[in-house]
$ cat work-v3.cif   # mmCIF, C-alpha atoms
data_protein
#
loop_
_atom_site.label_atom_id
_atom_site.label_comp_id
_atom_site.auth_asym_id
_atom_site.auth_seq_id
_atom_site.Cartn_x
_atom_site.Cartn_y
_atom_site.Cartn_z
CA MET U 1 -0.17 35.46 64.35
CA GLU U 2 -2.51 37.69 66.30
CA LEU U 3 -6.11 36.41 66.58
CA TYR U 4 -8.05 39.38 65.20
CA GLU U 5 -5.53 39.95 62.42
CA GLY U 6 -5.67 36.26 61.54
CA ILE U 7 -9.45 36.39 61.15
CA ILE U 8 -9.13 39.31 58.72
CA THR U 9 -6.17 38.02 56.69
CA ARG U 10 -7.35 34.41 56.17
CA ARG U 11 -8.05 33.73 52.49
CA SER U 12 -9.14 30.71 50.47
CA ILE U 13 -5.93 29.08 49.20
CA ARG U 14 -6.14 26.68 46.26
CA ARG U 15 -2.49 26.29 45.14
CA TYR U 16 -0.19 24.22 47.28
CA ALA U 17 3.51 23.39 47.49
CA ASP U 18 4.72 19.79 47.28
CA ARG U 19 5.37 19.48 51.01
CA LYS U 20 3.98 16.89 53.39
CA ILE U 21 1.85 17.85 56.41
CA SER U 22 2.87 16.10 59.62
CA GLN U 23 0.56 14.01 61.77
CA ASP U 24 0.97 16.49 64.66
CA ILE U 25 -0.24 19.34 62.47
CA ILE U 26 -3.20 17.28 61.24
CA GLU U 27 -4.25 16.65 64.84
CA MET U 28 -3.84 20.34 65.71
CA LEU U 29 -6.16 21.26 62.83
CA ILE U 30 -8.83 18.84 64.00
CA LYS U 31 -8.41 19.83 67.62
CA ALA U 32 -9.22 23.42 66.60
CA GLY U 33 -12.45 22.13 65.03
CA MET U 34 -13.30 20.29 68.24
CA TYR U 35 -13.07 23.55 70.22
CA ALA U 36 -15.93 25.17 68.30
CA PRO U 37 -19.09 25.82 70.31
CA SER U 38 -22.00 23.45 69.68
CA ALA U 39 -25.68 23.27 70.60
CA SER U 40 -25.96 21.97 74.20
CA ASN U 41 -22.19 21.33 73.94
CA GLN U 42 -22.93 18.04 72.17
CA GLN U 43 -19.88 18.26 69.85
CA PRO U 44 -21.73 16.21 67.19
CA TRP U 45 -18.84 15.91 64.73
CA HIS U 46 -16.52 13.43 63.04
CA PHE U 47 -13.54 14.15 60.80
CA ILE U 48 -12.25 11.99 57.98
CA VAL U 49 -8.62 12.74 57.15
CA ILE U 50 -7.97 12.02 53.47
CA THR U 51 -4.38 11.62 52.35
CA GLU U 52 -4.67 8.82 49.78
CA ARG U 53 -4.21 10.14 46.27
CA ASN U 54 -6.83 7.88 44.69
CA ILE U 55 -9.50 9.06 47.15
CA LEU U 56 -8.61 12.73 46.64
CA ASP U 57 -8.92 12.11 42.90
CA LYS U 58 -12.28 10.36 43.31
CA ILE U 59 -13.64 13.42 45.13
CA LYS U 60 -12.31 15.64 42.36
CA ASP U 61 -14.36 13.59 39.92
CA VAL U 62 -17.68 14.04 41.75
CA HIS U 63 -17.34 17.59 43.18
CA PRO U 64 -17.57 20.39 40.60
CA TYR U 65 -15.26 22.81 42.49
CA ALA U 66 -12.60 20.44 43.81
CA LYS U 67 -9.92 20.73 41.12
CA MET U 68 -7.40 21.96 43.72
CA LEU U 69 -7.45 18.54 45.37
CA GLY U 70 -5.20 17.50 42.49
CA ASN U 71 -2.29 19.20 44.27
CA ALA U 72 -3.55 19.19 47.87
CA GLN U 73 -1.64 17.11 50.42
CA LEU U 74 -4.72 16.55 52.44
CA ALA U 75 -8.44 17.04 52.68
CA ILE U 76 -10.61 16.75 55.78
CA LEU U 77 -14.27 15.81 55.51
CA VAL U 78 -16.29 17.35 58.35
CA CYS U 79 -19.39 15.33 59.20
CA GLY U 80 -22.31 15.75 61.60
CA ASP U 81 -23.60 12.81 63.61
CA GLU U 82 -27.38 13.04 63.99
CA ASP U 83 -27.30 10.41 66.75
CA LEU U 84 -25.19 12.73 68.92
CA GLU U 85 -27.66 15.61 68.73
CA LEU U 86 -29.98 16.68 71.52
CA SER U 87 -31.41 19.51 69.41
CA LYS U 88 -32.27 18.20 65.98
CA GLY U 89 -30.76 19.99 62.99
CA TYR U 90 -28.05 22.01 64.76
CA TRP U 91 -25.29 19.79 63.35
CA VAL U 92 -25.18 22.07 60.29
CA VAL U 93 -24.45 25.12 62.40
CA ASP U 94 -22.07 23.28 64.76
CA CYS U 95 -20.02 21.67 61.97
CA SER U 96 -19.84 25.01 60.14
CA ALA U 97 -18.33 26.64 63.23
CA ALA U 98 -15.87 23.73 63.47
CA THR U 99 -14.95 24.13 59.80
CA GLN U 100 -14.27 27.85 60.28
CA ASN U 101 -12.06 27.12 63.30
CA MET U 102 -10.05 24.68 61.19
CA LEU U 103 -9.60 27.19 58.36
CA LEU U 104 -8.31 29.72 60.87
CA ALA U 105 -6.07 27.12 62.51
CA ALA U 106 -4.59 26.28 59.10
CA HIS U 107 -3.84 29.97 58.59
CA SER U 108 -2.17 30.20 62.01
CA LEU U 109 0.01 27.15 61.22
CA GLY U 110 1.25 28.57 57.92
CA LEU U 111 -1.02 26.35 55.83
CA GLY U 112 -3.47 27.35 53.14
CA ALA U 113 -6.98 25.93 52.99
CA VAL U 114 -10.30 26.31 51.26
CA TRP U 115 -13.84 25.30 52.23
CA LEU U 116 -15.63 23.13 49.66
CA GLY U 117 -19.37 23.11 50.17
CA VAL U 118 -21.09 19.73 50.42
CA HIS U 119 -24.26 20.24 52.50
CA PRO U 120 -26.96 21.21 51.51
CA ARG U 121 -26.33 19.95 47.92
CA ALA U 122 -28.15 16.59 47.84
CA GLU U 123 -26.26 15.24 44.81
CA ARG U 124 -22.82 16.04 46.27
CA LYS U 125 -23.79 14.54 49.62
CA LYS U 126 -24.83 11.34 47.89
CA GLU U 127 -21.55 11.01 45.97
CA ILE U 128 -19.45 11.73 49.07
CA ARG U 129 -21.57 9.33 51.11
CA ASN U 130 -20.85 6.62 48.52
CA ILE U 131 -17.09 7.21 48.44
CA PHE U 132 -16.78 6.87 52.22
CA ASP U 133 -19.66 4.45 52.78
CA LEU U 134 -21.08 6.74 55.49
CA PRO U 135 -23.72 5.35 57.87
CA GLU U 136 -27.25 6.82 57.65
CA ASN U 137 -26.81 9.07 60.72
CA ILE U 138 -23.57 10.64 59.42
CA GLN U 139 -24.06 13.80 57.36
CA PRO U 140 -21.22 15.28 55.31
CA LEU U 141 -21.08 19.08 55.77
CA SER U 142 -17.87 20.32 54.19
CA LEU U 143 -14.56 19.32 52.72
CA ILE U 144 -11.45 21.31 53.61
CA SER U 145 -8.63 21.20 51.06
CA ILE U 146 -5.26 21.85 52.73
CA GLY U 147 -1.61 22.27 51.84
CA TYR U 148 1.38 24.54 52.32
CA PRO U 149 0.52 27.59 50.21
CA ASP U 150 1.99 28.19 46.79
CA GLU U 151 0.18 31.50 46.33
CA GLN U 152 -0.15 34.70 48.31
CA ARG U 153 -3.43 36.53 48.46
CA ASN U 154 -4.00 40.10 49.60
CA THR U 155 -6.76 41.16 51.96
CA PRO U 156 -9.67 42.70 50.05
CA GLU U 157 -12.05 45.30 51.51
CA ARG U 158 -15.12 43.39 52.71
CA PHE U 159 -16.57 45.70 55.35
CA LYS U 160 -20.04 46.83 54.25
CA LYS U 161 -21.61 49.41 56.51
CA ASP U 162 -24.99 49.06 54.80
CA ARG U 163 -25.30 45.51 56.19
CA ILE U 164 -25.37 46.82 59.76
CA HIS U 165 -28.70 47.76 61.31
CA TYR U 166 -29.38 49.22 64.75
CA ASN U 167 -32.12 47.88 67.01
CA THR U 168 -34.53 47.33 64.11
CA TRP U 169 -34.49 46.17 60.52
CA MET Y 1 -3.68 36.97 71.69
CA GLU Y 2 -2.21 34.32 69.40
CA LEU Y 3 -4.62 32.92 66.79
CA TYR Y 4 -4.39 29.19 67.52
CA GLU Y 5 -4.39 29.73 71.28
CA GLY Y 6 -7.41 32.02 70.92
CA ILE Y 7 -9.37 29.31 69.10
CA ILE Y 8 -8.67 26.85 71.91
CA THR Y 9 -9.27 29.20 74.86
CA ARG Y 10 -12.53 30.81 73.66
CA ARG Y 11 -15.44 29.88 75.93
CA SER Y 12 -19.12 30.77 76.11
CA ILE Y 13 -19.39 33.72 78.52
CA ARG Y 14 -22.77 34.52 80.07
CA ARG Y 15 -21.92 36.93 82.92
CA TYR Y 16 -20.94 40.45 82.06
CA ALA Y 17 -19.61 43.55 83.80
CA ASP Y 18 -21.53 46.83 83.73
CA ARG Y 19 -19.27 48.43 81.14
CA LYS Y 20 -20.29 49.94 77.82
CA ILE Y 21 -18.94 48.64 74.50
CA SER Y 22 -17.74 51.36 72.13
CA GLN Y 23 -19.01 51.85 68.60
CA ASP Y 24 -15.52 51.11 67.24
CA ILE Y 25 -15.47 47.75 68.98
CA ILE Y 26 -18.97 46.92 67.70
CA GLU Y 27 -17.82 47.60 64.14
CA MET Y 28 -14.68 45.49 64.65
CA LEU Y 29 -16.84 42.57 65.78
CA ILE Y 30 -19.06 42.81 62.73
CA LYS Y 31 -16.10 43.31 60.40
CA ALA Y 32 -14.71 40.00 61.66
CA GLY Y 33 -18.01 38.37 60.68
CA MET Y 34 -17.80 39.92 57.22
CA TYR Y 35 -14.40 38.27 56.67
CA ALA Y 36 -15.81 34.76 56.93
CA PRO Y 37 -15.73 32.73 53.73
CA SER Y 38 -19.06 32.31 51.92
CA ALA Y 39 -20.42 30.24 49.05
CA SER Y 40 -19.34 31.88 45.77
CA ASN Y 41 -18.11 34.75 47.98
CA GLN Y 42 -21.66 36.14 48.07
CA GLN Y 43 -21.40 37.41 51.68
CA PRO Y 44 -25.16 36.94 52.14
CA TRP Y 45 -25.38 38.45 55.63
CA HIS Y 46 -26.87 41.27 57.66
CA PHE Y 47 -26.25 42.17 61.29
CA ILE Y 48 -28.69 43.82 63.67
CA VAL Y 49 -26.92 45.47 66.60
CA ILE Y 50 -29.19 45.46 69.63
CA THR Y 51 -28.38 47.84 72.47
CA GLU Y 52 -31.85 48.97 73.59
CA ARG Y 53 -32.78 47.44 76.92
CA ASN Y 54 -36.44 46.89 76.06
CA ILE Y 55 -35.54 44.92 72.92
CA LEU Y 56 -32.97 42.78 74.76
CA ASP Y 57 -35.68 42.06 77.33
CA LYS Y 58 -38.23 41.17 74.64
CA ILE Y 59 -35.81 38.60 73.22
CA LYS Y 60 -35.28 37.20 76.72
CA ASP Y 61 -39.03 36.66 76.91
CA VAL Y 62 -39.26 34.63 73.68
CA HIS Y 63 -35.94 32.71 73.68
CA PRO Y 64 -35.66 29.93 76.26
CA TYR Y 65 -31.87 30.23 76.75
CA ALA Y 66 -31.41 34.01 76.65
CA LYS Y 67 -31.47 34.89 80.35
CA MET Y 68 -27.96 36.33 80.11
CA LEU Y 69 -29.30 39.16 77.91
CA GLY Y 70 -30.55 40.64 81.17
CA ASN Y 71 -27.01 41.83 81.91
CA ALA Y 72 -25.56 41.91 78.38
CA GLN Y 73 -24.55 45.31 76.95
CA LEU Y 74 -25.21 44.16 73.48
CA ALA Y 75 -26.54 41.43 71.28
CA ILE Y 76 -26.00 40.98 67.56
CA LEU Y 77 -28.54 39.16 65.41
CA VAL Y 78 -26.87 37.46 62.45
CA CYS Y 79 -29.21 37.06 59.47
CA GLY Y 80 -28.95 35.45 56.06
CA ASP Y 81 -30.37 37.18 52.99
CA GLU Y 82 -31.81 34.62 50.57
CA ASP Y 83 -31.93 37.23 47.80
CA LEU Y 84 -28.13 37.56 47.93
CA GLU Y 85 -27.51 33.84 47.40
CA LEU Y 86 -26.34 32.27 44.16
CA SER Y 87 -26.35 28.79 45.71
CA LYS Y 88 -29.61 28.27 47.53
CA GLY Y 89 -29.42 27.23 51.18
CA TYR Y 90 -25.76 28.05 51.88
CA TRP Y 91 -26.72 31.09 53.99
CA VAL Y 92 -26.91 28.76 57.03
CA VAL Y 93 -23.32 27.64 56.60
CA ASP Y 94 -22.04 31.11 55.66
CA CYS Y 95 -23.73 32.88 58.58
CA SER Y 96 -22.48 30.19 60.97
CA ALA Y 97 -18.89 30.83 59.87
CA ALA Y 98 -19.51 34.57 60.33
CA THR Y 99 -20.90 33.95 63.83
CA GLN Y 100 -17.84 31.91 64.80
CA ASN Y 101 -15.52 34.66 63.53
CA MET Y 102 -17.39 37.17 65.70
CA LEU Y 103 -17.14 34.98 68.81
CA LEU Y 104 -13.39 34.70 68.25
CA ALA Y 105 -13.10 38.44 67.59
CA ALA Y 106 -14.91 39.12 70.88
CA HIS Y 107 -12.39 36.89 72.65
CA SER Y 108 -9.47 38.73 71.02
CA LEU Y 109 -10.90 42.10 72.10
CA GLY Y 110 -11.25 41.08 75.74
CA LEU Y 111 -15.01 40.61 75.49
CA GLY Y 112 -17.08 37.58 76.43
CA ALA Y 113 -19.78 36.21 74.16
CA VAL Y 114 -22.13 33.30 73.69
CA TRP Y 115 -23.96 31.92 70.63
CA LEU Y 116 -27.72 31.60 71.06
CA GLY Y 117 -29.24 29.28 68.50
CA VAL Y 118 -32.16 30.58 66.46
CA HIS Y 119 -32.15 28.65 63.15
CA PRO Y 120 -33.39 25.91 62.62
CA ARG Y 121 -35.98 26.32 65.45
CA ALA Y 122 -39.14 27.46 63.58
CA GLU Y 123 -40.85 28.89 66.68
CA ARG Y 124 -37.82 30.98 67.72
CA LYS Y 125 -37.36 32.25 64.18
CA LYS Y 126 -40.97 33.38 64.09
CA GLU Y 127 -40.71 35.29 67.39
CA ILE Y 128 -37.45 36.95 66.39
CA ARG Y 129 -38.88 37.77 62.96
CA ASN Y 130 -41.81 39.48 64.68
CA ILE Y 131 -39.67 41.55 67.07
CA PHE Y 132 -37.55 42.95 64.22
CA ASP Y 133 -40.21 42.90 61.50
CA LEU Y 134 -37.83 41.03 59.18
CA PRO Y 135 -38.65 40.87 55.45
CA GLU Y 136 -39.50 37.46 53.96
CA ASN Y 137 -36.05 36.95 52.42
CA ILE Y 138 -34.19 37.65 55.68
CA GLN Y 139 -33.53 34.57 57.83
CA PRO Y 140 -32.36 34.88 61.44
CA LEU Y 141 -29.51 32.41 62.12
CA SER Y 142 -28.05 33.26 65.52
CA LEU Y 143 -27.97 35.77 68.32
CA ILE Y 144 -24.65 36.66 69.92
CA SER Y 145 -24.83 37.95 73.49
CA ILE Y 146 -21.82 40.16 74.29
CA GLY Y 147 -20.29 42.06 77.21
CA TYR Y 148 -17.08 42.55 79.12
CA PRO Y 149 -16.69 39.29 81.05
CA ASP Y 150 -17.56 38.99 84.71
CA GLU Y 151 -16.50 35.35 84.87
CA GLN Y 152 -13.40 33.38 83.98
CA ARG Y 153 -13.67 29.94 82.44
CA ASN Y 154 -10.94 27.34 82.16
CA THR Y 155 -10.21 25.39 79.01
CA PRO Y 156 -11.68 21.87 79.20
CA GLU Y 157 -10.28 18.86 77.38
CA ARG Y 158 -12.31 18.46 74.19
CA PHE Y 159 -9.96 16.55 71.91
CA LYS Y 160 -11.52 13.17 71.05
CA LYS Y 161 -9.26 10.88 69.08
CA ASP Y 162 -12.12 8.47 68.35
CA ARG Y 163 -13.80 11.12 66.17
CA ILE Y 164 -10.91 11.05 63.70
CA HIS Y 165 -11.00 8.60 60.82
CA TYR Y 166 -8.39 7.99 58.13
CA ASN Y 167 -9.29 7.70 54.45
CA THR Y 168 -12.47 5.76 55.18
CA TRP Y 169 -15.30 5.66 57.70
#
$ encode --input "work-v3.cif" --output "structure tokens"
Amino acid sequence: MELYEGIITRRSIRRYADRKISQDIIEMLIKAGMYAPSASNQQPWHFIVITERNILDKIKDVHPYAKMLGNAQLAILVCGDEDLELSKGYWVVDCSAATQNMLLAAHSLGLGAVWLGVHPRAERKKEIRNIFDLPENIQPLSLISIGYPDEQRNTPERFKKDRIHYNTW
Amino acid sequence: MELYEGIITRRSIRRYADRKISQDIIEMLIKAGMYAPSASNQQPWHFIVITERNILDKIKDVHPYAKMLGNAQLAILVCGDEDLELSKGYWVVDCSAATQNMLLAAHSLGLGAVWLGVHPRAERKKEIRNIFDLPENIQPLSLISIGYPDEQRNTPERFKKDRIHYNTW
């Protein structure tokens, strides 16, 4: 798939086929996240690969928009590590760029994926932190639900000229 | 360029050739940003295209890592609009995903680009806010410096197996 076209045709996919995702593909997804840019190139991220059914179900119970995990093969929790930061607070931005790279990588590999927001919702962060027993310095940013797609979604029109300004507000 | 390969080979490019970027290409870059996912699909973003030399130079004077704007053809300021949000605070995450899409789009179009951090640095946000006279609800997230590349950068090894965890921290 061509890069620019892939950016435009990526959609949030919430229905998945009953087909396993190989370890090689899982590592390719995470590698894509690790090639995002980051503040001072500090790469302040960790990734928790979740394949156990009971953990996926636990997340479904505490996250209000995570129903699709019921038929996902896999979720990946993207976390920022505050101890790895030189510039305080950029982990949010860095881990968001990593998440977007992984969504695009999933699309390129024939997978479907959707971004579930965790940060900045304090209550969701607390529940996720409890499930994975995260250390203090580890901040959950997003969950990516992933599987081979069992739905096809068209590309909507999203270009809005009125959001573009030239040289001034 | 192939999507997965493009994700891996994108680098921060800070040296640019003296070659103009067409209006069509500028709109393609911003369109790529507009196809990022966003919380509740609210697309809470605005883009200020900066081509005037005196404004690029003003930014260079207030941002400590913006020297490359001296030879950039173009910068794009990515902003979040708090009034467009249903879920408060997600503009940071949404606009970061949009920024990453635009960096990848630049790569696919043969351009070079680099992400200059603005949010969450309060002092930089204030200076940028002043230059563009941004309304209260408009939050600057990032600046993207863009031009046709005048440097080539190899792909470093960034895959770190020790950042991957399975089913638990």
$ atom_distance --input "work-v3.cif" --atom1 "atom CA of Y:Arg11" --atom2 "atom CA of Y:His63"
20.8 Å
$ residues_around --input "work-v3.cif" --residues "Y:Val62" --least-positions-apart "6" --cutoff "9 Å" --atoms "only C-alpha atoms" --output "list of chain:residue names"
Y:Arg124, Y:Glu127, Y:Ile128
$ closest_residue --input "work-v3.cif" --among "U:Ala72, U:Trp115, U:Leu109, U:Arg129" --to "U:Asp24" --atoms "only C-alpha atoms"
U:Leu109
$ closest_atom_pairs --input "work-v3.cif" --of "chain U" --to "chain Y" --cutoff "7 Å" --atoms "only C-alpha atoms" --output "JSON lines"
{"residue": "U:Met1", "atom": "CA", "partner": "Y:Glu2", "partner_atom": "CA", "distance": 5.6}
{"residue": "U:Glu2", "atom": "CA", "partner": "Y:Glu2", "partner_atom": "CA", "distance": 4.6}
{"residue": "U:Leu3", "atom": "CA", "partner": "Y:Leu3", "partner_atom": "CA", "distance": 3.8}
{"residue": "U:Tyr4", "atom": "CA", "partner": "Y:Ala105", "partner_atom": "CA", "distance": 5.7}
{"residue": "U:Gly6", "atom": "CA", "partner": "Y:Leu3", "partner_atom": "CA", "distance": 6.3}
{"residue": "U:Ile7", "atom": "CA", "partner": "Y:Ala32", "partner_atom": "CA", "distance": 6.4}
{"residue": "U:Ile8", "atom": "CA", "partner": "Y:Tyr35", "partner_atom": "CA", "distance": 5.7}
{"residue": "U:Lys31", "atom": "CA", "partner": "Y:Phe159", "partner_atom": "CA", "distance": 5.6}
{"residue": "U:Ala32", "atom": "CA", "partner": "Y:Ile8", "partner_atom": "CA", "distance": 6.3}
{"residue": "U:Met34", "atom": "CA", "partner": "Y:Phe159", "partner_atom": "CA", "distance": 6.2}
{"residue": "U:Tyr35", "atom": "CA", "partner": "Y:Ile8", "partner_atom": "CA", "distance": 5.8}
{"residue": "U:His46", "atom": "CA", "partner": "Y:Arg163", "partner_atom": "CA", "distance": 4.7}
{"residue": "U:Phe47", "atom": "CA", "partner": "Y:Ile164", "partner_atom": "CA", "distance": 5.0}
{"residue": "U:Ile48", "atom": "CA", "partner": "Y:His165", "partner_atom": "CA", "distance": 4.6}
{"residue": "U:Val49", "atom": "CA", "partner": "Y:Tyr166", "partner_atom": "CA", "distance": 4.9}
{"residue": "U:Ile50", "atom": "CA", "partner": "Y:Asn167", "partner_atom": "CA", "distance": 4.6}
{"residue": "U:Thr51", "atom": "CA", "partner": "Y:Asn167", "partner_atom": "CA", "distance": 6.6}
{"residue": "U:Glu52", "atom": "CA", "partner": "Y:Asn167", "partner_atom": "CA", "distance": 6.7}
{"residue": "U:Gly89", "atom": "CA", "partner": "Y:Pro120", "partner_atom": "CA", "distance": 6.5}
{"residue": "U:Tyr90", "atom": "CA", "partner": "Y:Pro120", "partner_atom": "CA", "distance": 7.0}
{"residue": "U:Val92", "atom": "CA", "partner": "Y:Val93", "partner_atom": "CA", "distance": 6.9}
{"residue": "U:Val93", "atom": "CA", "partner": "Y:Ser96", "partner_atom": "CA", "distance": 5.6}
{"residue": "U:Ser96", "atom": "CA", "partner": "Y:Val93", "partner_atom": "CA", "distance": 5.6}
{"residue": "U:Ala97", "atom": "CA", "partner": "Y:Ala97", "partner_atom": "CA", "distance": 5.4}
{"residue": "U:Gln100", "atom": "CA", "partner": "Y:Ala97", "partner_atom": "CA", "distance": 5.5}
{"residue": "U:Asn101", "atom": "CA", "partner": "Y:Ile7", "partner_atom": "CA", "distance": 6.8}
{"residue": "U:Ala105", "atom": "CA", "partner": "Y:Tyr4", "partner_atom": "CA", "distance": 5.7}
{"residue": "U:Ser108", "atom": "CA", "partner": "Y:Leu3", "partner_atom": "CA", "distance": 6.0}
{"residue": "U:Pro120", "atom": "CA", "partner": "Y:Gly89", "partner_atom": "CA", "distance": 6.5}
{"residue": "U:Phe132", "atom": "CA", "partner": "Y:Thr168", "partner_atom": "CA", "distance": 5.3}
{"residue": "U:Asp133", "atom": "CA", "partner": "Y:Trp169", "partner_atom": "CA", "distance": 6.7}
{"residue": "U:Leu134", "atom": "CA", "partner": "Y:Trp169", "partner_atom": "CA", "distance": 6.3}
{"residue": "U:Arg158", "atom": "CA", "partner": "Y:Met34", "partner_atom": "CA", "distance": 6.3}
{"residue": "U:Phe159", "atom": "CA", "partner": "Y:Lys31", "partner_atom": "CA", "distance": 5.6}
{"residue": "U:Arg163", "atom": "CA", "partner": "Y:His46", "partner_atom": "CA", "distance": 4.8}
{"residue": "U:Ile164", "atom": "CA", "partner": "Y:Phe47", "partner_atom": "CA", "distance": 5.0}
{"residue": "U:His165", "atom": "CA", "partner": "Y:Ile48", "partner_atom": "CA", "distance": 4.6}
{"residue": "U:Tyr166", "atom": "CA", "partner": "Y:Val49", "partner_atom": "CA", "distance": 4.9}
{"residue": "U:Asn167", "atom": "CA", "partner": "Y:Ile50", "partner_atom": "CA", "distance": 4.6}
{"residue": "U:Thr168", "atom": "CA", "partner": "Y:Phe132", "partner_atom": "CA", "distance": 5.3}
{"residue": "U:Trp169", "atom": "CA", "partner": "Y:Phe132", "partner_atom": "CA", "distance": 5.8}
$ axis_aligned_box --input "work-v3.cif" --around "stretch 104-118 of chain Y" --padding-each-side "3 Å" --output "JSON"
{"center_x": -20.8, "center_y": 35.7, "center_z": 71.4, "size_x": 28.7, "size_y": 18.8, "size_z": 16.0}
$ resolve_selection --input "work-v3.cif" --expression "the PyMOL selection byres ((chain Y and resi 83) around 10)" --output "PyMOL selection string"
chain Y and resi 44+80-82+84-86+88+136-138
$ write_last_selection --input "work-v3.cif" --atoms "C-alpha atoms" --output "mmCIF file, keeping the file's coordinate frame"
data_model
loop_
_atom_site.group_PDB
_atom_site.id
_atom_site.type_symbol
_atom_site.label_atom_id
_atom_site.label_comp_id
_atom_site.auth_asym_id
_atom_site.auth_seq_id
_atom_site.Cartn_x
_atom_site.Cartn_y
_atom_site.Cartn_z
ATOM 1 C CA PRO Y 44 -25.160 36.940 52.140
ATOM 2 C CA GLY Y 80 -28.950 35.450 56.060
ATOM 3 C CA ASP Y 81 -30.370 37.180 52.990
ATOM 4 C CA GLU Y 82 -31.810 34.620 50.570
ATOM 5 C CA LEU Y 84 -28.130 37.560 47.930
ATOM 6 C CA GLU Y 85 -27.510 33.840 47.400
ATOM 7 C CA LEU Y 86 -26.340 32.270 44.160
ATOM 8 C CA LYS Y 88 -29.610 28.270 47.530
ATOM 9 C CA GLU Y 136 -39.500 37.460 53.960
ATOM 10 C CA ASN Y 137 -36.050 36.950 52.420
ATOM 11 C CA ILE Y 138 -34.190 37.650 55.680
#
$ decode --input "work-v3.cif" --residues "stretch 9-20 of chain U" --atoms "N, CA and C atoms" --output "PDB file, in the first residue's frame"
ATOM      1  N   THR U   9      -6.744   6.321   3.711  1.00  0.00           N
ATOM      2  CA  THR U   9      -7.744   5.239   3.723  1.00  0.00           C
ATOM      3  C   THR U   9      -7.838   4.495   5.062  1.00  0.00           C
ATOM      4  N   ARG U  10      -6.924   4.770   5.985  1.00  0.00           N
ATOM      5  CA  ARG U  10      -7.013   4.128   7.312  1.00  0.00           C
ATOM      6  C   ARG U  10      -8.325   4.497   7.995  1.00  0.00           C
ATOM      7  N   ARG U  11      -9.026   3.533   8.540  1.00  0.00           N
ATOM      8  CA  ARG U  11     -10.232   3.791   9.319  1.00  0.00           C
ATOM      9  C   ARG U  11     -10.168   3.045  10.643  1.00  0.00           C
ATOM     10  N   SER U  12     -10.990   3.453  11.588  1.00  0.00           N
ATOM     11  CA  SER U  12     -11.109   2.713  12.846  1.00  0.00           C
ATOM     12  C   SER U  12     -11.904   1.444  12.581  1.00  0.00           C
ATOM     13  N   ILE U  13     -11.318   0.294  12.889  1.00  0.00           N
ATOM     14  CA  ILE U  13     -11.950  -1.005  12.635  1.00  0.00           C
ATOM     15  C   ILE U  13     -12.233  -1.680  13.973  1.00  0.00           C
ATOM     16  N   ARG U  14     -13.504  -2.049  14.166  1.00  0.00           N
ATOM     17  CA  ARG U  14     -13.951  -2.582  15.455  1.00  0.00           C
ATOM     18  C   ARG U  14     -14.502  -4.007  15.365  1.00  0.00           C
ATOM     19  N   ARG U  15     -14.591  -4.571  14.169  1.00  0.00           N
ATOM     20  CA  ARG U  15     -15.073  -5.951  14.001  1.00  0.00           C
ATOM     21  C   ARG U  15     -13.956  -6.777  13.395  1.00  0.00           C
ATOM     22  N   TYR U  16     -13.690  -7.909  14.026  1.00  0.00           N
ATOM     23  CA  TYR U  16     -12.510  -8.682  13.637  1.00  0.00           C
ATOM     24  C   TYR U  16     -12.868 -10.128  13.341  1.00  0.00           C
ATOM     25  N   ALA U  17     -12.105 -10.717  12.415  1.00  0.00           N
ATOM     26  CA  ALA U  17     -12.240 -12.141  12.096  1.00  0.00           C
ATOM     27  C   ALA U  17     -11.550 -12.972  13.186  1.00  0.00           C
ATOM     28  N   ASP U  18     -11.919 -14.232  13.247  1.00  0.00           N
ATOM     29  CA  ASP U  18     -11.343 -15.164  14.227  1.00  0.00           C
ATOM     30  C   ASP U  18     -10.043 -15.737  13.640  1.00  0.00           C
ATOM     31  N   ARG U  19      -9.025 -14.933  13.621  1.00  0.00           N
ATOM     32  CA  ARG U  19      -7.753 -15.333  12.989  1.00  0.00           C
ATOM     33  C   ARG U  19      -6.614 -14.789  13.831  1.00  0.00           C
ATOM     34  N   LYS U  20      -5.692 -15.654  14.183  1.00  0.00           N
ATOM     35  CA  LYS U  20      -4.595 -15.294  15.069  1.00  0.00           C
ATOM     36  C   LYS U  20      -3.601 -14.336  14.388  1.00  0.00           C
TER      37      LYS U  20
END
